[in-house]
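Here's the structure we're looking at; comments come further down.
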Amino acid sequence: MRQSSVRGPRARGGAPGARGDGDAGTSGSEDGGGNGEDKKDGKGREEGTASKESKEGKGGKKAADGSSRRARAARIARWAALCLAVVILGTAAAGYFYYEHLNGNLKKDPLNLGDKRLDRSAANAAGQRPLNILLLGSDSRNSPENVALGGAREDADRKPLADVQMLVHVSADRSNMSVISVPRDTRVTIPKCTDPEDGKVYRETGRQIINTSLMNGGPGCTVATWEELTGIPVDHFMMIDFAGVVSMADAVGGVPVCVDSNVYDDKSGLRLRKGEQKVKGEQALQWLRTRHGFEDGSDIGRTHAQHMYMNSMVRQLKSGTKLSDPGQLTDLAEAATKALTVDKDLGSVKKLYDLADDIKRVPSGRITMTTMPWISDPQNPDAHVIPKPGDADKLFSLVRNDIALDGKDKKKDDKGAAPGRPASPKGSIAVTVFNGTGTAAQPVVTGRGSDIAAHLVKQGFSKATADSTPRAQADTTLTYAKVSQRADAETLAKALGLPDTAVRMSTAVDGLTLVIGGDWRTGTTYPKAGSADAGDAKDDGKGTGKGSSEDGDKPGDGDKNGEKGKQSDNKAPESSDPLNGNDTSACMKVNSLNRF
């Protein structure tokens with residue numbers, strides 16, 4: 001369903017994340033310091049600063065302004081916007097002007113600080129692999145400029161929080177791109193992480209706020225947290241701070257946004273008149289940080305505003321109208337590289353250029369922005385959220401399996417995709433069953449793995465065994481090690497009622513491995529979408545209404561057709577608020593308390 005022209009508020013009274021002012025973010029101290037780090041450890045990572053007007057070093061650049069080079073710069077500028085829009089564009093477009101200088105601007109950190117790293121996504125039949133890039137916005141106040149922009153001077157010495165988190169998935173064939181945002185106030189399990197600078201080990205902590213993961217050694221711990229939450233392997237990360245947002249918004253000449261009413265948010269400082277206008281510089285940062293001014297004043301509305309901003313920037317840069325001049329390109333390159341912290345494998349202009357070139361074929365009409373479907377956190381329903389069972393699992397599964405969120409993928413035909421012997425007799429199919437039902441949203445179901453293994457034995461799969469090694473996984477998966485085992489995996493999946501998206505190949509296993517996830521807590525047949533067994537947490541309006549206590553079977557805000565839980569098999573759930581990259585009609589709904 002196409003995004004509404006006005007992004008409306010959620011259907012419940014409370015507003016997760018509305019307890020603060022949007023400046024300092026969520027601190028781990030709310031939960032008694034449960035993230036296992038020393039609050040007095042003021043060690044910060046040197047992020048550098050980016051000035052609004054990066055004019056240094058331009059004297060020698062004009063020598064390369066021949067017509068062919070200008071044309072090439074414009075082409076690169078238009079295409080490179082597709083991954084973190086301006087960030088990759090800036091570095092790619094100006095890479096040949098002063099390569100080594102820009103390389104020196106980039107800051108680099110390890111990709112993953114956890115000890116349970118996922119294998120890379122499997123290649124398709126053509127040998128192409130999807131790309132998963134985690135984009136992070138840091139609230140670091142480690143420089144005078146960041147303190148001035150972010151406020152809360154008392155937080156200048158604390159470690160930064162990751163208040164903006166988006167996963168960009170570029171399909172293996174580069175035909176489409178999907179973006180998933182996770183609200184900063186989401187409760188998750190933060191895995192064990194080791195700080196690369198001092199070797200400090202942060203223990204695994206359950207039910208922590210996701211933005212605090214950045215404090216446990218740096219962005220590599222946030223990467224590990226995303227892999228734990230989604231099961232999606234992350235190939236790269238890019239992190240930007242306050243000053244970087246301001247510098248790059250200036251460099252591109254502003255980004256078009258829209259509000260449905262005059263808005264003033266005294267927390268962020270944003271003040272705009274009704275309608276469409278461009279935001280740049282500090283005003284762009286205010287737009288991206290505003291929470292109270294949009295929708296119901298929660299972090300969910302802020303996420304929607306960020307999606308609008310990113311879509312607008314992509315469209316503007318792809319049009320090529322602003323970045324045909326080498327001077328503009330080099331300003332943008334300076335701003336982008338000074339503002340960025342990236343993983344070490346992405347730590348050069350050449351690699352950023354190659355990445356931009358790799359994804360240049362994705363049309364903006366095949367870009368889909370989404371927000372992780374959520375429900376209120378039972379521990380703190382007015383402040384925090386958790387992944388919505390069923391819908392969040394489905395969204396993560398679609399991305400994991402490289403299925404476009406817009407529903408426009410051609411149906412994948414697996415017939416003949418598994419050469420080799422046919423399926424073995426049931427009694428010869430060995431499978432190891434793990435209990436992964438304990439997640440950030442729900443406690444473990446004791447004995448679940450043993451129960452399913454026993455059921456399989458009764459069905460004739462006499463070599464099914466249970467493994468008591470702890471696992472935590474949002475959705476159920478059946479993994480096989482090599483192509484010749486696919487037929488056996490399909491036989492087993494059919495016996496349990498597992499969907500095709502649950503079956504995958506991975507070199508991380510030796511044989512058939514079944515992990516019973518949080519989406520299958522009862523019964524011996526995998527629940528169909530929307531069934532009572534698909535999740536036992538109460539909803540709050542993002543799918544079927546918070547318990548529908550007053551309206552009986554009346555659909556909630558995310559259930560427009562009245563068909564609770566029923567979704568297209570290969571399309572993002574409506575509860576994820578999908579927004580198409582070509583949608584120019586979207587306009588942010590202003591909170592009634594912030595109108596003037």
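Within each chain, counting starts at residue 1; across the structure tokens, chains are named A, B, ... in the order shown, with ligands numbered 1 upward in that order.
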
**OP:** Would you mind listing what lies within 10 Å of Leu593 of chain A as a list in words, with only C-alpha atoms counted and same-chain residues fewer than 6 positions away left out?
**Re:** Val263, Tyr264, Asp265, His292, Gly293, Phe294, Glu295, Asp296 and Gly297 of chain A

Selected residues, C-alpha atoms, written as a CSV table (one decimal), in the first residue's frame, please.
```
chain,number,residue,atom,x,y,z
A,263,VAL,CA,5.7,23.5,13.5
A,264,TYR,CA,7.9,24.7,16.3
A,265,ASP,CA,9.8,22.3,18.5
A,292,HIS,CA,8.2,16.1,19.9
A,293,GLY,CA,7.2,18.1,16.9
A,294,PHE,CA,6.0,15.2,14.7
A,295,GLU,CA,3.1,12.8,15.0
A,296,ASP,CA,2.7,11.7,18.6
A,297,GLY,CA,6.0,13.1,19.9
```

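By chain and then residue number, the residues within 10 Å of Trp226 of chain A are Leu134, Gln165, Met166, Leu167, Val182, Val188, Thr189, Ile190, Pro191, Ile210, Ser213, Gly220, Cys221, Thr222, Thr230, Gly231, Ile232, Pro233 and Val234 of chain A, counting only C-alpha atoms and disregarding those fewer than 4 positions away in sequence.
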
**OP:** Give the alpha helix (DSSP H) residues of segment 181-306 of chain A, as DSSP finds them on the backbone, and put them as a PyMOL selection string.
**Re:** chain A and resi 219-230+242-251+281-289+299-306

Write to file, as a tab-separated table (two decimals), in the first residue's frame, the residues of the selection just made, with N, CA and C atoms.
```tsv
chain	number	residue	atom	x	y	z
A	219	PRO	N	31.03	1.27	17.25
A	219	PRO	CA	30.01	0.85	16.29
A	219	PRO	C	30.01	-0.64	16.01
A	220	GLY	N	31.15	-1.32	16.20
A	220	GLY	CA	31.19	-2.76	15.98
A	220	GLY	C	30.28	-3.53	16.91
A	221	CYS	N	29.99	-2.99	18.09
A	221	CYS	CA	29.05	-3.65	18.99
A	221	CYS	C	27.62	-3.43	18.54
A	222	THR	N	27.34	-2.27	17.94
A	222	THR	CA	26.01	-2.05	17.37
A	222	THR	C	25.78	-2.98	16.19
A	223	VAL	N	26.81	-3.22	15.39
A	223	VAL	CA	26.72	-4.21	14.31
A	223	VAL	C	26.38	-5.58	14.88
A	224	ALA	N	27.10	-6.00	15.92
A	224	ALA	CA	26.85	-7.30	16.53
A	224	ALA	C	25.42	-7.38	17.08
A	225	THR	N	24.93	-6.28	17.62
A	225	THR	CA	23.56	-6.25	18.16
A	225	THR	C	22.54	-6.41	17.05
A	226	TRP	N	22.76	-5.75	15.91
A	226	TRP	CA	21.84	-5.89	14.78
A	226	TRP	C	21.84	-7.33	14.26
A	227	GLU	N	22.99	-7.94	14.17
A	227	GLU	CA	23.03	-9.33	13.70
A	227	GLU	C	22.27	-10.24	14.67
A	228	GLU	N	22.41	-9.99	15.96
A	228	GLU	CA	21.69	-10.76	16.97
A	228	GLU	C	20.19	-10.56	16.85
A	229	LEU	N	19.77	-9.33	16.60
A	229	LEU	CA	18.35	-8.99	16.53
A	229	LEU	C	17.69	-9.52	15.27
A	230	THR	N	18.35	-9.34	14.13
A	230	THR	CA	17.70	-9.58	12.84
A	230	THR	C	18.11	-10.86	12.14
A	242	PHE	N	26.85	14.93	14.60
A	242	PHE	CA	26.07	16.15	14.39
A	242	PHE	C	26.69	17.06	13.35
A	243	ALA	N	27.97	17.36	13.54
A	243	ALA	CA	28.64	18.32	12.65
A	243	ALA	C	28.65	17.82	11.21
A	244	GLY	N	28.76	16.52	11.03
A	244	GLY	CA	28.76	15.97	9.68
A	244	GLY	C	27.44	16.17	8.97
A	245	VAL	N	26.33	16.01	9.69
A	245	VAL	CA	25.02	16.23	9.08
A	245	VAL	C	24.89	17.67	8.60
A	246	VAL	N	25.31	18.61	9.44
A	246	VAL	CA	25.22	20.03	9.09
A	246	VAL	C	26.08	20.34	7.87
A	247	SER	N	27.32	19.86	7.86
A	247	SER	CA	28.24	20.15	6.77
A	247	SER	C	27.73	19.60	5.45
A	248	MET	N	27.24	18.38	5.45
A	248	MET	CA	26.80	17.77	4.20
A	248	MET	C	25.49	18.36	3.71
A	249	ALA	N	24.59	18.72	4.62
A	249	ALA	CA	23.36	19.38	4.18
A	249	ALA	C	23.68	20.71	3.50
A	250	ASP	N	24.67	21.45	4.03
A	250	ASP	CA	25.11	22.68	3.38
A	250	ASP	C	25.70	22.39	2.01
A	251	ALA	N	26.51	21.34	1.93
A	251	ALA	CA	27.24	21.04	0.70
A	251	ALA	C	26.30	20.70	-0.45
A	281	GLY	N	22.04	22.89	6.57
A	281	GLY	CA	22.85	23.25	7.72
A	281	GLY	C	22.26	22.77	9.03
A	282	GLU	N	22.25	23.66	10.01
A	282	GLU	CA	21.77	23.30	11.35
A	282	GLU	C	20.28	22.96	11.33
A	283	GLN	N	19.54	23.57	10.42
A	283	GLN	CA	18.11	23.27	10.33
A	283	GLN	C	17.89	21.83	9.88
A	284	ALA	N	18.76	21.31	9.02
A	284	ALA	CA	18.66	19.91	8.61
A	284	ALA	C	18.87	18.99	9.81
A	285	LEU	N	19.83	19.33	10.65
A	285	LEU	CA	20.05	18.54	11.87
A	285	LEU	C	18.83	18.61	12.78
A	286	GLN	N	18.23	19.79	12.89
A	286	GLN	CA	17.02	19.93	13.71
A	286	GLN	C	15.91	19.03	13.18
A	287	TRP	N	15.76	18.98	11.87
A	287	TRP	CA	14.74	18.11	11.27
A	287	TRP	C	14.99	16.65	11.65
A	288	LEU	N	16.20	16.20	11.51
A	288	LEU	CA	16.53	14.80	11.76
A	288	LEU	C	16.42	14.43	13.23
A	289	ARG	N	16.56	15.41	14.13
A	289	ARG	CA	16.53	15.12	15.56
A	289	ARG	C	15.18	15.41	16.20
A	299	ASP	N	9.76	8.61	19.22
A	299	ASP	CA	10.87	8.33	18.32
A	299	ASP	C	10.39	7.74	17.00
A	300	ILE	N	9.18	7.18	16.97
A	300	ILE	CA	8.65	6.60	15.73
A	300	ILE	C	8.43	7.69	14.69
A	301	GLY	N	7.86	8.81	15.11
A	301	GLY	CA	7.66	9.92	14.18
A	301	GLY	C	8.97	10.47	13.67
A	302	ARG	N	9.96	10.54	14.53
A	302	ARG	CA	11.28	11.01	14.10
A	302	ARG	C	11.84	10.08	13.03
A	303	THR	N	11.65	8.78	13.18
A	303	THR	CA	12.12	7.84	12.17
A	303	THR	C	11.46	8.11	10.83
A	304	HIS	N	10.16	8.39	10.83
A	304	HIS	CA	9.47	8.70	9.58
A	304	HIS	C	10.04	9.97	8.93
A	305	ALA	N	10.36	10.96	9.75
A	305	ALA	CA	10.94	12.20	9.21
A	305	ALA	C	12.31	11.93	8.59
A	306	GLN	N	13.07	11.05	9.19
A	306	GLN	CA	14.38	10.69	8.65
A	306	GLN	C	14.23	9.98	7.30
```

Original post:
Smallest atom-to-atom distance to Asn124 of chain A: which of A:Ala464, A:Leu352, A:Met505, A:Leu136, using only C-alpha atoms?
Top reply: A:Met505

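Among the candidates A:His169, A:Ala502, A:Pro389, A:Arg271, the one nearest to Ser376 of chain A when counting only C-alpha atoms is A:Pro389.
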
Counting only C-alpha atoms, what are the residues of segment 297-387 of chain A within 10 Å of segment 570-575 of chain A, and for each of them which pair of atoms is the nearest and at what distance in Å, to one decimal? Sort the table by chain and rising number, as JSON lines.
```
{"residue": "A:Thr368", "atom": "CA", "partner": "A:Ala572", "partner_atom": "CA", "distance": 8.9}
{"residue": "A:Met369", "atom": "CA", "partner": "A:Ala572", "partner_atom": "CA", "distance": 9.7}
{"residue": "A:Thr370", "atom": "CA", "partner": "A:Ala572", "partner_atom": "CA", "distance": 7.9}
{"residue": "A:Thr371", "atom": "CA", "partner": "A:Ser575", "partner_atom": "CA", "distance": 8.2}
{"residue": "A:Met372", "atom": "CA", "partner": "A:Ser575", "partner_atom": "CA", "distance": 8.1}
{"residue": "A:Pro373", "atom": "CA", "partner": "A:Ser575", "partner_atom": "CA", "distance": 5.5}
{"residue": "A:Trp374", "atom": "CA", "partner": "A:Ser575", "partner_atom": "CA", "distance": 8.1}
```

**OP:** Return as a PyMOL selection string the full set of residues in segment 439-486 of chain A whose backbone-based DSSP assignment is strand (DSSP E or B).
**Re:** chain A and resi 464-467+472+477-480

Can you write just those residues out, C-alpha atoms, as an mmCIF file, in the first residue's frame?
```
data_model
loop_
_atom_site.group_PDB
_atom_site.id
_atom_site.type_symbol
_atom_site.label_atom_id
_atom_site.label_comp_id
_atom_site.auth_asym_id
_atom_site.auth_seq_id
_atom_site.Cartn_x
_atom_site.Cartn_y
_atom_site.Cartn_z
ATOM 1 C CA ALA A 464 16.218 -36.011 14.755
ATOM 2 C CA THR A 465 18.009 -34.933 17.938
ATOM 3 C CA ALA A 466 17.823 -31.933 20.268
ATOM 4 C CA ASP A 467 20.818 -29.823 21.284
ATOM 5 C CA ALA A 472 18.169 -16.769 20.793
ATOM 6 C CA THR A 477 15.107 -21.305 10.410
ATOM 7 C CA LEU A 478 16.074 -24.603 8.832
ATOM 8 C CA THR A 479 19.641 -24.452 7.531
ATOM 9 C CA TYR A 480 21.522 -26.930 5.357
#
```

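Counting from atom CA of Ala489 of chain A, the distance to atom CA of Asp510 of chain A is 13.0 Å.
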
Subject >> Option closest in space to Leu102 of chain A, from A:Ile240, A:Leu340, A:Ile133, A:Val259 [counting only C-alpha atoms] >> reply: A:Leu340

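Relative to atom CA of Gln316 of chain A, atom CA of Val590 of chain A is found at 24.0 Å.
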
Original post:
What lies within 6 Å of Thr525 of chain A using only C-alpha atoms, ignoring chain neighbours under 2 positions off, as a ChimeraX atom specification?
Top reply: /A:496-497,523
